[in-house]
$ cat input-v1.txt   # compact mmCIF, C-alpha atoms
# COMPACT_ATOMS: atom_id res chain seq x y z
CA MET J 568 -52.97 65.81 135.02
CA SER J 569 -52.00 66.48 138.59
CA GLY J 570 -48.25 66.53 138.87
CA LYS J 571 -45.23 68.56 139.93
CA LYS J 572 -43.86 71.57 138.12
CA ASN J 573 -40.72 73.14 139.63
CA GLY J 574 -41.46 71.25 142.86
CA THR J 575 -45.07 72.48 143.10
CA VAL J 576 -48.12 70.22 142.88
CA VAL J 577 -50.43 71.44 140.10
CA THR J 578 -54.02 71.38 141.39
CA GLU J 579 -55.64 73.88 139.02
CA PHE J 580 -55.30 75.33 135.55
CA ILE J 581 -55.70 78.87 134.28
CA LEU J 582 -57.60 79.30 131.03
CA MET J 583 -55.62 81.90 129.10
CA ALA J 584 -57.63 82.06 125.86
CA PRO J 585 -60.27 84.48 127.26
CA LEU J 586 -57.49 87.02 127.91
CA LEU J 587 -56.99 87.19 124.15
CA TRP J 588 -60.64 88.23 123.84
CA ALA J 589 -60.60 90.74 126.74
CA GLU J 590 -61.79 93.72 124.66
CA LEU J 591 -64.72 91.69 123.31
CA GLN J 592 -65.44 89.78 126.51
CA MET J 593 -68.98 90.95 127.30
CA GLY J 594 -69.98 90.93 123.65
CA LEU J 595 -68.75 87.36 123.31
CA PHE J 596 -70.57 86.41 126.51
CA PHE J 597 -73.93 87.43 125.01
CA VAL J 598 -73.10 85.86 121.62
CA PHE J 599 -72.23 82.50 123.20
CA LEU J 600 -75.24 82.73 125.53
CA VAL J 601 -77.63 83.28 122.63
CA LEU J 602 -76.01 80.49 120.58
CA TYR J 603 -76.21 78.14 123.57
CA LEU J 604 -79.89 78.89 124.21
CA ILE J 605 -80.71 78.38 120.52
CA THR J 606 -78.75 75.11 120.53
CA ILE J 607 -80.59 73.79 123.60
CA GLY J 608 -83.96 74.99 122.33
CA GLY J 609 -83.47 73.66 118.79
CA ASN J 610 -82.22 70.23 119.81
CA LEU J 611 -84.72 69.83 122.66
CA GLY J 612 -87.49 70.91 120.30
CA MET J 613 -86.34 68.28 117.79
CA ILE J 614 -86.48 65.55 120.46
CA VAL J 615 -89.98 66.59 121.57
CA LEU J 616 -91.20 66.81 117.96
CA ILE J 617 -89.90 63.33 117.10
CA GLN J 618 -91.37 61.80 120.27
CA SER J 619 -94.76 63.48 119.86
CA ASP J 620 -95.43 62.67 116.18
CA CYS J 621 -96.30 59.06 115.40
CA ARG J 622 -95.22 59.47 111.76
CA LEU J 623 -91.66 60.12 112.90
CA GLN J 624 -91.37 56.89 114.89
CA THR J 625 -88.84 55.37 112.50
CA SER J 626 -85.23 54.41 113.10
CA MET J 627 -83.87 57.43 111.20
CA TYR J 628 -85.65 59.87 113.52
CA PHE J 629 -84.87 57.69 116.52
CA PHE J 630 -81.17 58.15 115.75
CA LEU J 631 -81.70 61.86 115.03
CA SER J 632 -83.27 62.31 118.46
CA HIS J 633 -80.18 60.74 120.03
CA LEU J 634 -77.97 63.02 117.92
CA SER J 635 -79.89 66.00 119.30
CA PHE J 636 -79.49 64.65 122.84
CA LEU J 637 -75.74 64.27 122.28
CA ASP J 638 -75.50 67.81 120.93
CA ILE J 639 -77.22 69.11 124.07
CA CYS J 640 -74.78 67.18 126.27
CA TYR J 641 -71.81 68.11 124.09
CA SER J 642 -72.58 71.82 124.25
CA SER J 643 -73.50 71.74 127.96
CA VAL J 644 -70.15 70.20 128.88
CA ILE J 645 -68.28 73.21 127.45
CA VAL J 646 -70.40 76.35 127.06
CA PRO J 647 -71.63 76.98 130.66
CA GLN J 648 -68.06 76.98 131.93
CA LEU J 649 -67.06 79.29 129.04
CA LEU J 650 -69.93 81.65 129.94
CA GLU J 651 -68.81 81.66 133.58
CA THR J 652 -65.28 82.54 132.50
CA LEU J 653 -66.41 85.37 130.21
CA GLY J 654 -69.03 86.71 132.61
CA THR J 655 -67.06 86.65 135.88
CA ASP J 656 -63.39 86.73 134.80
CA LYS J 657 -62.98 83.44 136.66
CA MET J 658 -60.28 81.77 134.58
CA VAL J 659 -59.15 79.17 137.13
CA ILE J 660 -60.41 75.61 136.67
CA THR J 661 -59.61 72.92 139.22
CA PHE J 662 -57.91 69.68 138.29
CA GLU J 663 -61.04 67.69 139.21
CA HIS J 664 -63.29 69.95 137.12
CA CYS J 665 -60.84 69.79 134.22
CA THR J 666 -60.65 65.98 134.19
CA THR J 667 -64.43 65.65 134.55
CA GLN J 668 -65.00 68.06 131.68
CA PHE J 669 -62.47 66.30 129.49
CA PHE J 670 -63.98 62.86 130.27
CA PHE J 671 -67.53 63.86 129.30
CA PHE J 672 -66.33 65.86 126.29
CA THR J 673 -64.40 62.82 125.00
CA LEU J 674 -67.36 60.53 125.70
CA CYS J 675 -69.76 62.79 123.76
CA ALA J 676 -67.34 63.27 120.84
CA SER J 677 -66.61 59.54 120.49
CA THR J 678 -70.28 58.63 120.80
CA GLU J 679 -71.24 61.15 118.11
CA CYS J 680 -68.61 59.63 115.77
CA PHE J 681 -70.07 56.15 116.24
CA LEU J 682 -73.65 57.43 116.03
CA SER J 683 -72.82 59.08 112.69
CA ALA J 684 -71.65 55.68 111.45
CA VAL J 685 -74.84 54.02 112.74
CA MET J 686 -76.95 56.62 110.90
CA ALA J 687 -75.03 55.94 107.68
CA TYR J 688 -75.72 52.21 108.07
CA ASP J 689 -79.41 52.99 108.68
CA LEU J 690 -79.49 55.04 105.45
CA TYR J 691 -77.87 52.11 103.63
CA VAL J 692 -80.58 49.73 104.87
CA THR J 693 -83.30 52.27 103.98
CA VAL J 694 -82.10 52.84 100.41
CA CYS J 695 -80.66 49.45 99.48
CA THR J 696 -83.09 47.02 101.16
CA PRO J 697 -86.33 48.97 101.70
CA LEU J 698 -88.55 45.87 101.61
CA LEU J 699 -86.51 44.22 104.37
CA TYR J 700 -86.16 47.39 106.44
CA ALA J 701 -88.65 46.44 109.17
CA THR J 702 -86.88 43.10 109.60
CA ALA J 703 -83.36 44.51 109.44
CA MET J 704 -83.99 47.47 111.79
CA PRO J 705 -86.52 46.47 114.48
CA PRO J 706 -86.67 48.49 117.74
CA GLN J 707 -84.36 46.04 119.51
CA THR J 708 -81.68 46.51 116.86
CA ARG J 709 -81.94 50.30 117.10
CA LEU J 710 -81.44 50.15 120.86
CA ARG J 711 -78.43 47.84 120.53
CA LEU J 712 -76.79 50.10 117.94
CA VAL J 713 -77.32 53.22 120.05
CA ALA J 714 -76.07 51.42 123.17
CA ARG J 715 -72.88 50.44 121.35
CA ALA J 716 -72.39 54.02 120.18
CA TYR J 717 -72.59 55.27 123.78
CA GLY J 718 -70.19 52.54 125.09
CA GLY J 719 -67.35 54.59 123.39
CA SER J 720 -47.09 75.27 133.30
CA ASN J 721 -50.60 75.35 134.76
CA HIS J 722 -51.55 78.21 132.35
CA MET J 723 -53.55 76.68 129.56
CA ASP J 724 -53.90 78.62 126.27
CA PHE J 725 -57.40 77.33 125.69
CA PHE J 726 -60.99 77.89 126.82
CA PHE J 727 -61.70 74.34 128.06
CA CYS J 728 -59.83 71.15 129.00
CA ASP J 729 -58.81 69.39 125.79
CA LEU J 730 -55.84 67.22 124.84
CA PRO J 731 -53.71 69.68 122.80
CA PRO J 732 -53.38 72.30 125.57
CA LEU J 733 -53.00 69.68 128.29
CA LEU J 734 -50.13 68.07 126.37
CA LYS J 735 -48.47 71.45 125.96
CA LEU J 736 -48.41 71.84 129.76
CA ALA J 737 -46.61 68.55 130.36
CA CYS J 738 -43.00 68.93 131.50
CA SER J 739 -42.10 65.36 130.58
CA GLU J 740 -41.65 63.83 127.13
CA THR J 741 -45.11 63.81 125.54
CA ARG J 742 -44.43 61.95 122.30
CA PRO J 743 -45.36 58.49 123.70
CA ARG J 744 -48.66 59.93 124.99
CA GLU J 745 -49.26 61.70 121.70
CA ARG J 746 -48.79 58.41 119.85
CA VAL J 747 -51.40 56.74 122.07
CA ILE J 748 -53.78 59.66 121.54
CA TYR J 749 -53.23 59.59 117.78
CA LEU J 750 -53.86 55.84 117.78
CA LEU J 751 -57.11 56.10 119.76
CA ALA J 752 -58.33 59.08 117.72
CA PHE J 753 -57.32 57.29 114.52
CA LEU J 754 -59.23 54.14 115.51
CA VAL J 755 -62.40 56.03 116.48
CA ILE J 756 -62.41 58.33 113.46
CA THR J 757 -61.31 55.79 110.83
CA THR J 758 -63.77 53.16 112.10
CA SER J 759 -66.62 55.67 111.81
CA VAL J 760 -65.44 57.01 108.44
CA SER J 761 -64.99 53.48 107.06
CA VAL J 762 -68.55 52.46 107.97
CA ILE J 763 -69.89 55.71 106.52
CA PHE J 764 -67.82 55.38 103.33
CA ILE J 765 -68.81 51.74 102.69
CA SER J 766 -72.48 52.51 103.42
CA TYR J 767 -72.46 55.38 100.95
CA LEU J 768 -70.80 53.28 98.27
CA PHE J 769 -73.73 50.85 98.43
CA ILE J 770 -76.23 53.73 98.64
CA ILE J 771 -74.82 55.42 95.53
CA GLN J 772 -74.79 52.11 93.69
CA ALA J 773 -78.45 51.51 94.59
CA VAL J 774 -79.57 55.05 93.74
CA LEU J 775 -77.88 54.97 90.33
CA LYS J 776 -80.02 51.94 89.45
CA ILE J 777 -83.20 53.98 89.96
CA CYS J 778 -84.55 55.08 86.59
CA SER J 779 -86.65 58.12 87.49
CA ALA J 780 -85.09 61.43 88.45
CA GLY J 781 -87.66 61.88 91.21
CA GLY J 782 -86.79 58.51 92.68
CA LYS J 783 -83.12 59.48 92.84
CA ALA J 784 -83.77 62.91 94.35
CA LYS J 785 -85.27 61.81 97.70
CA PRO J 786 -82.46 59.46 98.89
CA PHE J 787 -79.80 61.89 97.66
CA SER J 788 -81.48 64.74 99.58
CA THR J 789 -81.62 62.69 102.79
CA CYS J 790 -78.02 61.53 102.39
CA ALA J 791 -76.82 65.06 101.61
CA SER J 792 -78.12 66.29 104.98
CA HIS J 793 -76.37 63.49 106.84
CA ILE J 794 -73.07 63.73 104.99
CA THR J 795 -72.98 67.53 105.50
CA ALA J 796 -73.36 67.11 109.28
CA VAL J 797 -70.76 64.32 109.32
CA ALA J 798 -68.27 66.30 107.22
CA LEU J 799 -68.52 69.33 109.53
CA PHE J 800 -68.06 67.31 112.70
CA LEU J 801 -65.48 64.71 111.67
CA GLY J 802 -63.58 67.20 109.51
CA THR J 803 -63.01 69.44 112.52
CA LEU J 804 -61.95 66.52 114.74
CA ILE J 805 -59.49 65.33 112.09
CA PHE J 806 -58.05 68.86 111.84
CA ILE J 807 -57.39 69.00 115.59
CA TYR J 808 -56.38 65.45 116.50
CA LEU J 809 -54.80 63.97 113.37
CA LYS J 810 -52.97 66.88 111.79
CA GLY J 811 -49.58 65.94 113.29
CA ASN J 812 -48.75 69.04 115.40
CA MET J 813 -50.99 68.55 118.42
CA GLY J 814 -50.61 71.36 120.96
CA LYS J 815 -48.36 73.50 118.72
CA SER J 816 -50.95 75.73 117.02
CA LEU J 817 -53.45 76.44 119.77
CA GLY J 818 -54.74 79.61 118.09
CA GLU J 819 -56.10 77.55 115.21
CA ASP J 820 -57.26 74.84 117.62
CA ASN J 821 -59.21 77.42 119.65
CA ILE J 822 -61.13 78.53 116.57
CA ALA J 823 -61.76 74.96 115.45
CA SER J 824 -62.88 73.95 118.95
CA VAL J 825 -65.35 76.82 119.17
CA PHE J 826 -66.70 75.62 115.83
CA TYR J 827 -67.35 72.01 116.83
CA THR J 828 -68.41 72.62 120.45
CA VAL J 829 -70.67 75.65 119.85
CA VAL J 830 -71.53 76.03 116.16
CA ILE J 831 -72.01 72.40 115.03
CA PRO J 832 -74.51 71.50 117.81
CA LEU J 833 -76.43 74.61 116.74
CA LEU J 834 -76.41 73.66 113.05
CA ASN J 835 -77.19 69.94 113.38
CA PRO J 836 -80.97 70.30 113.87
CA MET J 837 -81.17 72.47 110.75
CA VAL J 838 -78.78 70.44 108.61
CA SER J 839 -79.95 66.97 109.65
CA SER J 840 -83.64 67.54 110.21
CA LEU J 841 -85.24 70.83 109.27
CA ARG J 842 -84.40 70.31 105.58
CA ASN J 843 -86.45 67.10 105.77
CA LYS J 844 -89.98 67.34 104.38
CA GLU J 845 -91.41 64.92 106.95
CA VAL J 846 -90.04 66.98 109.84
CA LYS J 847 -91.46 70.19 108.38
CA GLU J 848 -94.88 68.56 108.01
CA ALA J 849 -94.70 67.22 111.57
CA LEU J 850 -93.81 70.72 112.82
CA LYS J 851 -96.81 72.16 110.96
CA ARG J 852 -99.09 69.54 112.55
CA VAL J 853 -97.81 70.39 116.03
CA LEU J 854 -98.25 74.14 115.44
CA ASN J 855 -101.78 73.56 114.13
CA ARG J 856 -102.63 71.52 117.24
CA VAL J 857 -101.30 74.35 119.41
CA LYS J 858 -103.41 76.90 117.54
CA VAL J 859 -106.54 74.75 117.86
CA SER J 860 -105.99 74.25 121.59
CA GLN J 861 -105.56 78.01 122.06
CA VAL J 862 -108.80 78.73 120.22
CA GLU J 863 -110.69 76.19 122.31
$ encode --input "input-v1.txt" --output "structure tokens"
Amino acid sequence: MSGKKNGTVVTEFILMAPLLWAELQMGLFFVFLVLYLITIGGNLGMIVLIQSDCRLQTSMYFFLSHLSFLDICYSSVIVPQLLETLGTDKMVITFEHCTTQFFFFTLCASTECFLSAVMAYDLYVTVCTPLLYATAMPPQTRLRLVARAYGGSNHMDFFFCDLPPLLKLACSETRPRERVIYLLAFLVITTSVSVIFISYLFIIQAVLKICSAGGKAKPFSTCASHITAVALFLGTLIFIYLKGNMGKSLGEDNIASVFYTVVIPLLNPMVSSLRNKEVKEALKRVLNRVKVSQVE
């Protein structure tokens, strides 16, 4: 967003949000640092666990490993720069850094939306056509689905480069740009939500046909984990990008952005995976192998 403001070329932005937290700055630095380390450790551990256990070599865990990878990227695009700002009082971010951060943030967010839809479709195939699952979801299909998911003033009152604060800085009329942003966000979010919604309609229909209570419990438990993660992530994006007053309530947007860039990547391994019995058993097997190797 390089441009002229009062005859001056804007080459950098100043992140003003940390000034609001000045009294808590060092405390917040350590809080965000701990959350970031847990996020990286939890998601990286999930990837290693899935790759190292042959019983988890199914499409569901294949997609979960990519979700963990995205959460690592997602968090790493934002949090290190936030830690630098809090730890060194360096609130200036260059135009090049800002655009790079925004590009990768948008790429990760869009990819996670589409990956959530892919995971819902995978659950549909698992629950509704279990006998045809190996045919419907071979390794080549998994790779294609993941590849398609990936193919998707200068004082800024925010803690990273995002659309609402950037629009607020613009001196020109922003409504045409906002309409384009709303349209793109609407297409990405509604496409993902539509696939998820239709998949779950078929899943619910299939589960209701199961006679035994035990037979209904397992698919509902798996789906509950996925839909919780999706609701947290997409719900926050909808609040920020589709609420109709983009850039006008940056205090609320700051809180929401901290939630989906810091908290959600931390929660996803627990919500999507650690509640799963198979993952817990795989973790126990890995820990037992570690204990045995230490004894030997």
$ atom_distance --input "input-v1.txt" --atom1 "atom CA of J:Phe596" --atom2 "atom CA of J:Phe671"
22.9 Å
$ closest_residue --input "input-v1.txt" --among "J:Leu616, J:Val598, J:Met627, J:Ala798" --to "J:Leu854" --atoms "only C-alpha atoms"
J:Leu616
$ atom_distance --input "input-v1.txt" --atom1 "atom CA of J:Thr655" --atom2 "atom CA of J:Leu602"
18.8 Å
$ closest_residue --input "input-v1.txt" --among "J:Val755, J:Ile605, J:Leu631, J:Val774" --to "J:Arg709" --atoms "only C-alpha atoms"
J:Leu631
$ atom_distance --input "input-v1.txt" --atom1 "atom CA of J:Glu845" --atom2 "atom CA of J:Ile617"
10.4 Å
$ closest_residue --input "input-v1.txt" --among "J:Gln772, J:Thr606, J:Thr795, J:Ser824" --to "J:Tyr691" --atoms "all atoms listed in the file"
J:Gln772
$ closest_residue --input "input-v1.txt" --among "J:Tyr641, J:Ser779, J:Ala684, J:Asp689" --to "J:Phe670" --atoms "all atoms listed in the file"
J:Tyr641
$ closest_residue --input "input-v1.txt" --among "J:Gln624, J:Ser643, J:Gln618, J:Gln668" --to "J:Leu833" --atoms "all atoms listed in the file"
J:Ser643
$ closest_residue --input "input-v1.txt" --among "J:Asn835, J:Thr789, J:Ser683, J:Thr702" --to "J:Ile639" --atoms "all atoms listed in the file"
J:Asn835
$ residues_near_point --input "input-v1.txt" --point "(-76.8, 64.8, 107.8)" --cutoff "10 Å" --atoms "all atoms listed in the file" --output "list in words"
Leu631, Ser683, Met686, Ala687, Ser788, Thr789, Cys790, Ala791, Ser792, His793, Ile794, Thr795, Ala796, Val797, Ala798, Leu799, Asn835, Pro836, Met837, Val838, Ser839, Ser840 and Arg842 of chain J
$ residues_around --input "input-v1.txt" --residues "J:Leu674" --least-positions-apart "5" --cutoff "12 Å" --atoms "only C-alpha atoms" --output "ChimeraX atom specification"
/J:637-638,640-641,644,667-669,679-682,716-719,755
$ residues_around --input "input-v1.txt" --residues "J:Ile614" --least-positions-apart "5" --cutoff "10 Å" --atoms "only C-alpha atoms" --output "list in words"
Gly608, Gly609, Ser619, Tyr628, Phe629, Leu631, Ser632, His633, Leu634, Ser635, Phe636 and Pro836 of chain J
